[in-house]
file query_0.cif (mmCIF, C-alpha atoms)
data_input
#
loop_
_atom_site.label_atom_id
_atom_site.label_comp_id
_atom_site.auth_asym_id
_atom_site.auth_seq_id
_atom_site.Cartn_x
_atom_site.Cartn_y
_atom_site.Cartn_z
CA GLN V 1 -34.70 0.02 71.88
CA VAL V 2 -36.61 1.03 68.77
CA GLN V 3 -40.16 2.21 68.28
CA LEU V 4 -42.15 1.47 65.13
CA GLU V 5 -45.12 3.38 63.81
CA GLU V 6 -47.21 2.38 60.83
CA SER V 7 -49.32 4.67 58.68
CA GLY V 8 -51.24 4.56 55.43
CA GLY V 9 -53.91 2.00 56.20
CA GLY V 10 -57.49 2.40 55.08
CA TRP V 11 -60.01 1.19 52.52
CA ALA V 12 -59.39 -0.08 49.01
CA GLU V 13 -61.49 -1.64 46.31
CA THR V 14 -60.71 -5.07 44.92
CA GLY V 15 -57.86 -4.73 42.46
CA GLY V 16 -56.72 -1.47 43.99
CA SER V 17 -53.46 -0.46 45.63
CA LEU V 18 -52.28 0.97 48.92
CA ARG V 19 -48.92 1.93 50.37
CA LEU V 20 -48.11 1.50 54.02
CA SER V 21 -45.25 3.24 55.77
CA CYS V 22 -43.33 2.23 58.84
CA GLU V 23 -41.08 4.69 60.57
CA ALA V 24 -38.56 3.52 63.13
CA SER V 25 -37.33 5.80 65.86
CA GLY V 26 -34.95 5.42 68.75
CA ASN V 27 -31.39 4.36 69.18
CA ALA V 28 -29.79 3.34 65.84
CA ALA V 29 -33.25 3.07 64.30
CA SER V 30 -31.93 2.97 60.74
CA SER V 31 -29.72 -0.05 61.46
CA TYR V 32 -32.52 -2.58 61.98
CA ALA V 33 -33.90 -5.02 59.48
CA MET V 34 -37.63 -4.45 59.20
CA GLY V 35 -40.57 -6.41 57.97
CA TRP V 36 -44.32 -6.58 57.61
CA PHE V 37 -46.83 -9.00 59.05
CA ARG V 38 -50.60 -9.09 59.02
CA GLN V 39 -53.34 -10.65 61.07
CA ALA V 40 -56.80 -11.27 59.72
CA PRO V 41 -59.76 -11.83 62.06
CA GLY V 42 -59.59 -15.28 63.61
CA LYS V 43 -56.24 -16.10 62.06
CA ASP V 44 -52.63 -16.19 63.19
CA ARG V 45 -50.25 -13.35 62.47
CA GLU V 46 -48.66 -13.98 59.10
CA PHE V 47 -45.24 -12.95 57.77
CA LEU V 48 -45.37 -10.99 54.51
CA VAL V 49 -41.98 -9.52 53.67
CA GLY V 50 -38.73 -8.38 55.28
CA THR V 51 -35.77 -6.29 54.25
CA SER V 52 -32.30 -5.65 55.59
CA TRP V 53 -31.30 -2.36 57.16
CA ASN V 54 -29.96 -1.01 53.87
CA GLY V 55 -32.72 -2.48 51.67
CA LYS V 56 -30.34 -4.72 49.74
CA ASN V 57 -31.72 -8.05 50.99
CA THR V 58 -35.37 -9.02 50.83
CA VAL V 59 -37.36 -12.09 51.74
CA TYR V 60 -41.02 -12.70 50.93
CA GLY V 61 -43.69 -14.87 52.40
CA ASP V 62 -45.51 -17.10 49.95
CA SER V 63 -48.94 -15.56 50.26
CA VAL V 64 -48.18 -12.15 48.76
CA LYS V 65 -45.22 -12.77 46.51
CA GLY V 66 -45.75 -10.95 43.23
CA ARG V 67 -48.38 -8.55 44.58
CA PHE V 68 -46.70 -6.89 47.55
CA THR V 69 -43.24 -5.34 47.58
CA ILE V 70 -41.13 -3.70 50.24
CA SER V 71 -38.85 -0.75 49.72
CA LYS V 72 -36.52 1.45 51.67
CA ASP V 73 -35.96 4.49 49.56
CA ASP V 74 -33.12 5.84 51.68
CA PRO V 75 -30.65 3.07 52.64
CA ASN V 76 -29.56 5.14 55.61
CA GLY V 77 -33.09 6.11 56.60
CA ALA V 78 -35.50 4.60 59.08
CA THR V 79 -38.64 4.24 56.98
CA VAL V 80 -39.78 1.23 54.99
CA TYR V 81 -42.79 0.97 52.73
CA LEU V 82 -45.13 -1.85 51.84
CA HIS V 83 -46.54 -1.47 48.36
CA MET V 84 -49.70 -3.53 47.95
CA ASN V 85 -51.12 -4.10 44.48
CA ASN V 86 -54.12 -6.00 43.16
CA LEU V 87 -55.68 -6.06 46.59
CA GLN V 88 -58.25 -8.74 47.30
CA PRO V 89 -60.88 -9.03 50.04
CA GLU V 90 -58.76 -11.72 51.71
CA ASP V 91 -56.04 -9.10 52.21
CA THR V 92 -58.27 -7.44 54.79
CA ALA V 93 -56.28 -7.50 58.03
CA VAL V 94 -54.36 -5.47 60.55
CA TYR V 95 -50.88 -4.88 59.17
CA TYR V 96 -47.92 -4.70 61.52
CA CYS V 97 -44.39 -3.47 61.12
CA ALA V 98 -41.78 -5.43 63.03
CA ALA V 99 -38.04 -5.53 63.58
CA PRO V 100 -35.65 -8.12 64.98
CA TYR V 101 -32.92 -7.32 67.44
CA VAL V 102 -30.63 -9.71 65.55
CA SER V 103 -28.46 -7.72 63.16
CA ASN V 104 -27.07 -10.59 61.07
CA TRP V 105 -29.41 -10.96 58.10
CA TYR V 106 -28.71 -14.69 57.80
CA LYS V 107 -29.67 -15.34 61.41
CA ILE V 108 -33.03 -13.56 61.36
CA SER V 109 -36.05 -15.78 61.84
CA TRP V 110 -38.86 -14.15 59.90
CA ASP V 111 -41.72 -15.28 62.05
CA THR V 112 -43.48 -13.75 65.02
CA SER V 113 -41.06 -15.32 67.47
CA GLY V 114 -38.09 -13.81 65.64
CA MET V 115 -39.28 -10.24 65.96
CA ASP V 116 -38.49 -8.14 69.02
CA TYR V 117 -40.17 -4.86 68.20
CA TRP V 118 -43.69 -4.27 66.90
CA GLY V 119 -45.78 -1.36 65.80
CA LYS V 120 -49.39 -1.02 66.90
CA GLY V 121 -50.70 -1.97 63.47
CA VAL V 122 -52.96 -0.36 60.88
CA LEU V 123 -56.16 -1.71 59.40
CA VAL V 124 -56.43 -2.42 55.70
CA ALA V 125 -59.91 -3.27 54.47
CA VAL V 126 -60.61 -4.35 50.92
CA SER V 127 -64.16 -4.22 49.66
CA SER V 128 -65.47 -6.89 47.32
#
call {"tool": "encode", "arguments": {"input": "query_0.cif", "output": "structure tokens"}}
result
Amino acid sequence: QVQLEESGGGWAETGGSLRLSCEASGNAASSYAMGWFRQAPGKDREFLVGTSWNGKNTVYGDSVKGRFTISKDDPNGATVYLHMNNLQPEDTAVYYCAAPYVSNWYKISWDTSGMDYWGKGVLVAVSS
């Protein structure tokens, strides 16, 4: 079992940047792949980006490729970051950290059904 906690949400102006953090805790917390999703009002939860437990493998969703990046500064640590650049009003959403129980990178399904653990989410609001 792993617990996930996001932090770093808040307000940004159009074109600005924010960094979100997700800290995993619990049994073998640093050994999980982790990713980010978001859910805007009235829309489905959307996959953004995922990374392997050591940060060496990354997969991006189409909507934020080139603007958002994920990092895990310590390969043996339990914290991942979402770096968001050139924010737009349409990026306004609740952002969630998630992790799959599956440990094999090539068998992870990076969609909501493939994730087993979720944080509570943080709000990011971008003013126009």
call {"tool": "resolve_selection", "arguments": {"input": "query_0.cif", "expression": "the PyMOL selection byres ((chain V and resi 52-56) around 10)", "output": "list in words"}}
result
Ala29, Ser30, Ser31, Tyr32, Ala33, Met34, Gly35, Gly50, Thr51, Asn57, Thr58, Val59, Ile70, Ser71, Lys72, Asp73, Asp74, Pro75, Asn76, Gly77, Ala78, Thr79, Val80, Ala99, Ser103, Asn104, Trp105, Tyr106 and Ile108 of chain V
call {"tool": "residues_around", "arguments": {"input": "query_0.cif", "residues": "Ser128 of chain V", "least_positions_apart": "3", "cutoff": "8 Å", "atoms": "all atoms listed in the file", "output": "list in words"}}
result
Glu13, Thr14, Gln88 and Pro89 of chain V
call {"tool": "closest_residue", "arguments": {"input": "query_0.cif", "among": "V:Ala12, V:Met115, V:Val122, V:Ala40", "to": "Asn86 of chain V", "atoms": "all atoms listed in the file"}}
result
V:Ala12
call {"tool": "residues_around", "arguments": {"input": "query_0.cif", "residues": "Met84 of chain V", "least_positions_apart": "6", "cutoff": "10 Å", "atoms": "all atoms listed in the file", "output": "mmCIF file with C-alpha atoms, in the frame of the given file"}}
result
data_model
loop_
_atom_site.group_PDB
_atom_site.id
_atom_site.type_symbol
_atom_site.label_atom_id
_atom_site.label_comp_id
_atom_site.auth_asym_id
_atom_site.auth_seq_id
_atom_site.Cartn_x
_atom_site.Cartn_y
_atom_site.Cartn_z
ATOM 1 C CA GLY V 15 -57.860 -4.730 42.460
ATOM 2 C CA GLY V 16 -56.720 -1.470 43.990
ATOM 3 C CA SER V 17 -53.460 -0.460 45.630
ATOM 4 C CA LEU V 18 -52.280 0.970 48.920
ATOM 5 C CA ARG V 19 -48.920 1.930 50.370
ATOM 6 C CA LEU V 20 -48.110 1.500 54.020
ATOM 7 C CA VAL V 64 -48.180 -12.150 48.760
ATOM 8 C CA GLY V 66 -45.750 -10.950 43.230
ATOM 9 C CA ARG V 67 -48.380 -8.550 44.580
ATOM 10 C CA PHE V 68 -46.700 -6.890 47.550
ATOM 11 C CA THR V 69 -43.240 -5.340 47.580
ATOM 12 C CA ILE V 70 -41.130 -3.700 50.240
ATOM 13 C CA ASP V 91 -56.040 -9.100 52.210
#
call {"tool": "atom_distance", "arguments": {"input": "query_0.cif", "atom1": "atom CA of Ser7 of chain V", "atom2": "atom CA of Gln39 of chain V"}}
result
16.0 Å
call {"tool": "atom_distance", "arguments": {"input": "query_0.cif", "atom1": "atom CA of Leu87 of chain V", "atom2": "atom CA of Asp116 of chain V"}}
result
28.3 Å
call {"tool": "closest_residue", "arguments": {"input": "query_0.cif", "among": "V:Gly42, V:Gly61, V:Leu48, V:Phe37", "to": "Tyr96 of chain V", "atoms": "only C-alpha atoms"}}
result
V:Phe37
call {"tool": "closest_residue", "arguments": {"input": "query_0.cif", "among": "V:Cys22, V:Val124, V:Val2, V:Val49", "to": "Glu90 of chain V", "atoms": "all atoms listed in the file"}}
result
V:Val124
call {"tool": "atom_distance", "arguments": {"input": "query_0.cif", "atom1": "atom CA of Glu23 of chain V", "atom2": "atom CA of Gly114 of chain V"}}
result
19.4 Å
call {"tool": "axis_aligned_box", "arguments": {"input": "query_0.cif", "around": "segment 20-33 of chain V", "padding_each_side": "8 Å", "output": "AutoDock Vina command-line options"}}
result
--center_x -38.9 --center_y 0.4 --center_z 61.6 --size_x 34.4 --size_y 26.8 --size_z 31.2
call {"tool": "decode", "arguments": {"input": "query_0.cif", "residues": "segment 92-108 of chain V", "atoms": "N, CA and C atoms", "output": "compact mmCIF listing (two decimals), in the first residue's frame"}}
result
# COMPACT_ATOMS: atom_id res chain seq x y z
N THR V 92 -6.47 24.95 -16.34
CA THR V 92 -7.15 25.01 -15.05
C THR V 92 -7.85 23.68 -14.77
N ALA V 93 -7.49 23.05 -13.66
CA ALA V 93 -8.01 21.73 -13.34
C ALA V 93 -7.51 21.32 -11.96
N VAL V 94 -8.06 20.24 -11.47
CA VAL V 94 -7.49 19.57 -10.29
C VAL V 94 -6.48 18.56 -10.81
N TYR V 95 -5.28 18.62 -10.27
CA TYR V 95 -4.19 17.75 -10.71
C TYR V 95 -3.97 16.65 -9.68
N TYR V 96 -3.89 15.43 -10.18
CA TYR V 96 -3.77 14.26 -9.33
C TYR V 96 -2.47 13.51 -9.61
N CYS V 97 -1.87 13.04 -8.56
CA CYS V 97 -0.76 12.10 -8.65
C CYS V 97 -1.33 10.69 -8.54
N ALA V 98 -0.76 9.77 -9.29
CA ALA V 98 -1.26 8.40 -9.27
C ALA V 98 -0.12 7.42 -9.45
N ALA V 99 -0.35 6.19 -9.02
CA ALA V 99 0.66 5.14 -9.16
C ALA V 99 -0.02 3.81 -9.44
N PRO V 100 0.58 3.02 -10.32
CA PRO V 100 0.04 1.68 -10.58
C PRO V 100 0.69 0.65 -9.67
N TYR V 101 -0.05 -0.41 -9.38
CA TYR V 101 0.54 -1.49 -8.62
C TYR V 101 1.52 -2.29 -9.49
N VAL V 102 1.22 -2.34 -10.79
CA VAL V 102 2.07 -3.08 -11.73
C VAL V 102 3.47 -2.49 -11.73
N SER V 103 4.47 -3.34 -11.58
CA SER V 103 5.85 -2.87 -11.51
C SER V 103 6.57 -2.91 -12.86
N ASN V 104 6.08 -3.71 -13.78
CA ASN V 104 6.71 -3.81 -15.10
C ASN V 104 6.30 -2.61 -15.92
N TRP V 105 7.27 -1.78 -16.29
CA TRP V 105 6.98 -0.54 -17.01
C TRP V 105 6.17 -0.82 -18.28
N TYR V 106 6.50 -1.88 -18.98
CA TYR V 106 5.89 -2.16 -20.28
C TYR V 106 4.47 -2.73 -20.16
N LYS V 107 4.05 -3.01 -18.94
CA LYS V 107 2.69 -3.51 -18.74
C LYS V 107 1.78 -2.49 -18.08
N ILE V 108 2.28 -1.30 -17.83
CA ILE V 108 1.47 -0.26 -17.20
C ILE V 108 0.52 0.34 -18.22
